[in-house]
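Engineer: Encoded as structure tokens, here's the structure I'll be asking about.
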Amino acid sequence: MAQSHTQETVTSIDNILKEDYAPAIIEATRKQSATLDLIEQKAATVPYGGSTFIIPIELNSMGSTGSVAENGDLPDAMQGQWLNAAVAIKSHYFSIAVTGQAKAVTSSDKFAFASIWGRKISIANRAYRQQLNRQICGDGNAILAQVDGAPNAAVVTLDNAYGLSGYNNSDVNGTRFVSGNMKVDFYSSAGALRDSGGVTISSFTRGAFPSTSGTITVSNAADIASVVDGDYMYVAGSKGNEMSGLRLLIDDHTVATTVQGIDASAYWEWNSHVGYGSTHGTAEALTNNRMQVLMDDIESYGGGNIGFILTSPAVWLSYGEMARSENQIVNAKTLDTGWKVLEWNATQIYKDPYMVDEMYFVDPSAIAMHQAGSAGWIEGTGGNITQITSKDAFQATWAWYVNLAISNRQKCGKLVDIAVTANKQ
């Protein structure tokens with residue numbers, strides 16, 4: 001007799017999801033990349049009923065002091081200068097679904113569970129980790145790529161991952177954050193939605209360095225009838241809902257003027273140190289001097305204590321080539337954490353495949369992932385498993401309410417305009 005969808009069945013699957021899979025998902029997310037592994041996770045203090053938390057920002061003040069004559073008037077006690085940085089909690093999910101039949105035959109057998117539910121969890125969790133990795137390295141705009149030319153029926157040509165041009169591989173990396181069986185939206189540069197709410201990518205072709213852009217094929221050509229050259233592509237429903245990334249947070253006010261609700265152009269303390277090339281926008285050689293000048297600025301003027309440097313694989317390799325050319329001993333070490341590192345002045349340099357070709361000098365005390373509770377399965381009235389309306393199918397959804405935030409931009413910095421000597425897509 002076939003097993004019915006009893007509460008015992010649901011409870012059995014719930015227990016497997018929570019006890020066997022939840023810890024593994026949390027650990028796999030942290031180990032997705034060096035960036036996610038290195039940045040601290042903190043509990044965010046969110047006012048009851050709210051969705052935003054506040055980080056107090058202390059500004060430099062030279063008041064309340066003075067050197068006075070004997071028996072003279074003492075210095076006035078001046079108010080210090082504070083700002084409140086407002087950070088919205090962002091919601092990140094992945095969902096899995098199985099048919100009622102598959103649910104029934106796997107509920108009491110962990111091996112059967114792993115073959116069906118486990119595979120679905122593995123696939124969805126990998127996509128979720130990759131999306132979080134992209135967000136933490138990006139600028140918060142949620143852009144996946146830019147449309148390069150008018151679509152040809154169901155085929156769209158893409159370049160400029162993150163919507164950024166001018167990097168070594170900008171012309172060919174448009175499919176960097178793309179896969180088949182993925183839903184996306186297209187928007188104009190002015191923010192107008194070009195589709196009716198979700199376009200399905202059926203297949204894609206990667207670009208070939210150094211000259212061929214990548215392409216995607218969508219399942220229905222009519223869905224992209226309004227898409228034009230220069231439009232931007234996003235994960236469906238994600239525009240305006242993704243978390244801030246290092247490219248935004250560790251910056252002067254070039255990427256964005258207002259960060260976490262504070263106008264960086266009005267407060268110099270709310271700017272990171274940025275090492276530009278001789279001509280901003282023109283890549284030039286990575287040198288020890290460029291790195292040292294930036295490090296000195298962070299330490300001397302920002303009071304930062306750099307714990308590690310994050311960069312792209314291409315810049316990581318370019319640094320290694322530079323060091324070897326200067327007769328430095330260069331051996332990539334593998335730490336206990338499992339990440340390979342190069343070292344510069346006793347500071348470890350990590351590579352992250354989702355980083356742009358820049359170097360981020362990070363003081364760990366200044367930046368953290370602020371979460372409203374630990375990640376986990378969404379609990380419904382009957383547990384983690386819920387029936388999909390009007391279908392003999394069941395769904396479970398994983399959620400993490402978190403945003404990356406910075407408390408002192410002066411303690412961090414980045415080196416830009418770097419010419420890479422290794423072509424990496």
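Please note that chains go A, B, ... in the order of the structure tokens, that every chain numbers its residues from 1, and that ligands are numbered from 1 in the order shown.
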Looking only at strand (DSSP E) from DSSP on the backbone, list the matching residues of stretch 169-359 of chain A as a tab-separated table (two decimals) with C-alpha atoms, in the first residue's frame.
Structural biologist:
```
chain	number	residue	atom	x	y	z
A	182	MET	CA	17.33	30.50	-14.37
A	183	LYS	CA	14.76	33.31	-14.18
A	184	VAL	CA	15.88	36.89	-14.83
A	185	ASP	CA	14.47	40.37	-15.37
A	186	PHE	CA	15.60	43.06	-17.82
A	187	TYR	CA	15.49	46.75	-16.94
A	199	VAL	CA	12.29	35.52	-18.24
A	200	THR	CA	13.56	31.93	-18.22
A	201	ILE	CA	17.04	31.24	-19.59
A	202	SER	CA	17.06	27.88	-21.37
A	203	SER	CA	20.75	27.82	-22.37
A	204	PHE	CA	23.85	29.99	-22.59
A	205	THR	CA	27.20	30.20	-24.37
A	214	GLY	CA	28.54	35.58	-24.19
A	215	THR	CA	24.97	34.81	-25.21
A	216	ILE	CA	21.84	33.45	-23.57
A	217	THR	CA	18.79	31.85	-25.17
A	218	VAL	CA	15.46	32.42	-23.47
A	232	TYR	CA	20.65	45.49	-17.56
A	233	MET	CA	19.83	41.96	-16.45
A	234	TYR	CA	18.98	40.94	-12.86
A	235	VAL	CA	17.93	37.81	-11.00
A	258	THR	CA	25.10	57.98	-0.05
A	259	VAL	CA	26.00	54.76	1.76
A	262	ILE	CA	25.03	58.92	5.09
A	263	ASP	CA	26.21	61.37	2.43
A	273	HIS	CA	41.05	55.28	1.06
A	274	VAL	CA	41.22	54.55	-2.67
A	275	GLY	CA	44.48	54.16	-4.56
A	284	GLU	CA	48.57	50.56	-14.82
A	285	ALA	CA	51.08	48.15	-13.34
A	308	PHE	CA	43.70	40.60	4.97
A	309	ILE	CA	43.52	41.64	1.32
A	310	LEU	CA	40.84	40.34	-1.08
A	311	THR	CA	41.20	40.40	-4.84
A	333	LYS	CA	50.35	28.74	1.21
A	334	THR	CA	47.28	26.72	2.04
A	340	LYS	CA	45.44	29.44	-0.68
A	341	VAL	CA	47.14	32.74	0.09
A	342	LEU	CA	50.05	34.86	-1.05
A	343	GLU	CA	51.69	37.21	1.43
A	344	TRP	CA	52.75	40.82	1.20
A	347	THR	CA	49.47	40.43	5.17
A	348	GLN	CA	47.65	37.56	3.52
A	349	ILE	CA	46.18	38.05	0.04
A	350	TYR	CA	43.14	35.92	-0.80
A	351	LYS	CA	41.50	35.44	-4.19
A	359	MET	CA	42.51	44.87	-4.25
```
Engineer: Please identify all polymer residues within 8 Å of A:Glu40, counting only C-alpha atoms, omitting same-chain residues fewer than 3 positions from it, and present them as a list in words.
Structural biologist: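 Skipping anything fewer than 3 positions along the chain leaves Asp37, Pro364, Ile367, Ala368 and Met369 of chain A.
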Engineer: Take the residues that were just selected and, keeping C-alpha atoms, output them as a PDB file, in the first residue's frame.
Structural biologist:
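Heads up, here's the output in part19.pdb:
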```pdb
ATOM      1  CA  ASP A  37      34.581  32.786   5.354  1.00  0.00           C
ATOM      2  CA  PRO A 364      37.991  42.967  10.085  1.00  0.00           C
ATOM      3  CA  ILE A 367      32.944  45.254   8.488  1.00  0.00           C
ATOM      4  CA  ALA A 368      30.578  42.388   9.263  1.00  0.00           C
ATOM      5  CA  MET A 369      27.550  40.409   8.119  1.00  0.00           C
TER       6      MET A 369
END
```
Engineer: Could you check which of A:Gly163, A:Gly230, A:Gly302, A:Gly63 is closest to A:Glu269, using only C-alpha atoms?
Structural biologist: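 Closest candidate: A:Gly302.
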Engineer: Between atom CA of A:Tyr167 and atom CA of A:Phe209, what is the distance in Å, rounded to a tenth?
Structural biologist: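 Computing the Euclidean distance for atom CA of A:Tyr167 and atom CA of A:Phe209 yields 12.4 Å.
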Engineer: Running DSSP on the backbone, which parts of stretch 5-240 of chain A land in helix (DSSP H, G or I), as a ChimeraX atom specification?
Structural biologist: /A:7-30,34-38,100-106,110-137,161-163,221-224
Engineer: Now that the selection is made, can you save its residues with C-alpha atoms as a short mmCIF file (atom, residue, chain, number, x, y, z; two decimals), in the first residue's frame?
Structural biologist:
```
data_model
loop_
_atom_site.label_atom_id
_atom_site.label_comp_id
_atom_site.auth_asym_id
_atom_site.auth_seq_id
_atom_site.Cartn_x
_atom_site.Cartn_y
_atom_site.Cartn_z
CA GLN A 7 1.90 14.14 9.77
CA GLU A 8 4.40 11.39 10.65
CA THR A 9 5.74 11.62 7.09
CA VAL A 10 6.11 15.39 7.33
CA THR A 11 7.73 15.19 10.76
CA SER A 12 10.22 12.61 9.54
CA ILE A 13 11.30 14.80 6.63
CA ASP A 14 11.35 17.90 8.84
CA ASN A 15 13.76 16.20 11.22
CA ILE A 16 16.09 15.18 8.41
CA LEU A 17 16.05 18.71 6.98
CA LYS A 18 16.81 20.33 10.34
CA GLU A 19 19.17 17.83 11.90
CA ASP A 20 21.12 16.52 8.91
CA TYR A 21 21.01 19.29 6.32
CA ALA A 22 20.73 22.65 8.11
CA PRO A 23 24.20 22.59 9.74
CA ALA A 24 25.76 21.46 6.46
CA ILE A 25 24.08 24.29 4.51
CA ILE A 26 25.32 26.91 6.99
CA GLU A 27 28.88 25.55 6.82
CA ALA A 28 28.82 25.23 3.01
CA THR A 29 27.67 28.85 2.71
CA ARG A 30 30.55 30.04 4.88
CA ALA A 34 37.37 33.21 1.30
CA THR A 35 35.29 36.40 1.45
CA LEU A 36 32.27 34.75 3.06
CA ASP A 37 34.58 32.79 5.35
CA LEU A 38 36.69 35.71 6.56
CA GLY A 100 3.92 13.90 -3.32
CA GLN A 101 5.03 10.53 -4.61
CA ALA A 102 8.73 11.33 -4.11
CA LYS A 103 7.98 12.69 -0.65
CA ALA A 104 6.20 9.53 0.38
CA VAL A 105 8.90 7.11 -0.73
CA THR A 106 11.76 9.04 0.89
CA LYS A 110 17.78 8.57 4.65
CA PHE A 111 19.49 7.03 1.64
CA ALA A 112 16.42 7.53 -0.51
CA PHE A 113 16.07 11.03 0.95
CA ALA A 114 19.64 11.88 -0.07
CA SER A 115 19.06 10.66 -3.60
CA ILE A 116 16.06 12.95 -4.20
CA TRP A 117 15.76 15.69 -1.57
CA GLY A 118 19.51 15.85 -0.97
CA ARG A 119 20.25 16.31 -4.65
CA LYS A 120 17.72 19.12 -4.91
CA ILE A 121 19.14 20.78 -1.80
CA SER A 122 22.67 20.49 -3.18
CA ILE A 123 21.75 22.13 -6.49
CA ALA A 124 19.66 24.94 -4.98
CA ASN A 125 22.13 25.60 -2.16
CA ARG A 126 25.00 25.91 -4.61
CA ALA A 127 23.07 28.54 -6.60
CA TYR A 128 22.20 30.36 -3.35
CA ARG A 129 25.85 30.39 -2.21
CA GLN A 130 27.01 31.70 -5.57
CA GLN A 131 24.45 34.49 -5.51
CA LEU A 132 25.49 35.51 -1.98
CA ASN A 133 29.13 35.44 -3.05
CA ARG A 134 28.34 37.70 -5.99
CA GLN A 135 26.44 40.12 -3.76
CA ILE A 136 29.11 40.39 -1.08
CA CYS A 137 31.73 41.25 -3.72
CA ALA A 161 29.31 41.40 -15.59
CA TYR A 162 28.06 43.52 -12.64
CA GLY A 163 27.19 46.09 -15.33
CA ALA A 221 11.31 35.23 -27.54
CA ALA A 222 8.18 37.30 -26.89
CA ASP A 223 9.36 37.86 -23.30
CA ILE A 224 12.30 39.96 -24.51
#
```
Engineer: Write out as a ChimeraX atom specification the residues lying within 7 Å of stretch 375-377 of chain A, counting only C-alpha atoms and excluding same-chain residues fewer than 3 positions away.
Structural biologist: /A:22,384,397-400
Engineer: What does the file look like for those residues with N, CA and C atoms, as a compact mmCIF listing (two decimals), in the first residue's frame?
Structural biologist:
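Saved the output as out_34.txt:
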```txt
# COMPACT_ATOMS: atom_id res chain seq x y z
N ALA A 22 20.56 21.24 7.75
CA ALA A 22 20.73 22.65 8.11
C ALA A 22 22.16 23.00 8.51
N ASN A 384 8.50 22.47 8.37
CA ASN A 384 9.27 23.06 7.27
C ASN A 384 8.68 22.74 5.90
N THR A 397 11.63 25.91 2.07
CA THR A 397 12.37 27.13 1.72
C THR A 397 13.36 27.49 2.82
N TRP A 398 14.58 27.75 2.40
CA TRP A 398 15.66 28.18 3.30
C TRP A 398 15.72 29.70 3.27
N ALA A 399 15.96 30.33 4.43
CA ALA A 399 16.00 31.79 4.49
C ALA A 399 17.15 32.27 5.35
N TRP A 400 17.73 33.38 4.94
CA TRP A 400 18.75 34.06 5.75
C TRP A 400 18.49 35.55 5.64
```
Engineer: Just the residues within 12 Å of A:Gly149, please, counting only C-alpha atoms, with nothing from its chain fewer than 4 positions along; format it as number ranges by chain.
Structural biologist: A: 155-159, 213-215, 227-232
Engineer: Pick the closest to A:Ile378 from A:Asn173, A:Thr52, A:Ser64, A:Ser91: which is it, counting only C-alpha atoms?
Structural biologist: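 Among the listed residues, A:Ser91 lies closest to A:Ile378.
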Engineer: Go through A:Ser196, A:Gln79, A:Thr45, A:Ser95 one by one, measure the shortest atom-to-atom distance of each to A:Ile388 using only C-alpha atoms, and give the residue with the smallest value.
Structural biologist: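 With only C-alpha atoms as the atom set, the closest residue is A:Ser95.
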Engineer: Pick out the residues sitting within 9 Å of stretch 250-257 of chain A, and hand them over as a list in words; count only C-alpha atoms, and ignore anything fewer than 2 positions along from it in its own chain.
Structural biologist: Asp139, Gly245, Leu246, Arg247, Leu248, Val259, Ile262, Asp263, Ala264, Ser265, Trp268, Trp270, Asn271, Ser272, His273, Val274, Tyr360, Phe361, Val362, Ile406, Arg409, Gln410, Cys412, Gly413 and Lys414 of chain A
Engineer: Identify which of the residues A:Trp82, A:Ala44, A:Ser226, A:Ile89 lies closest to A:Arg194, counting only C-alpha atoms when measuring atom-to-atom distances.
Structural biologist: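 Smallest distance to A:Arg194 is found for A:Ser226.
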Engineer: Find the residues around A:Gln328 up to 12 Å (only C-alpha atoms counted), leave out those fewer than 3 positions away in its own chain, and share them as a PyMOL selection string.
Structural biologist: chain A and resi 288+319-325+331+342-345
Engineer: What is the distance between atom CA of A:Ala208 and atom CA of A:Asn160, in Å to one decimal?
Structural biologist: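 Separation between atom CA of A:Ala208 and atom CA of A:Asn160: 13.6 Å.
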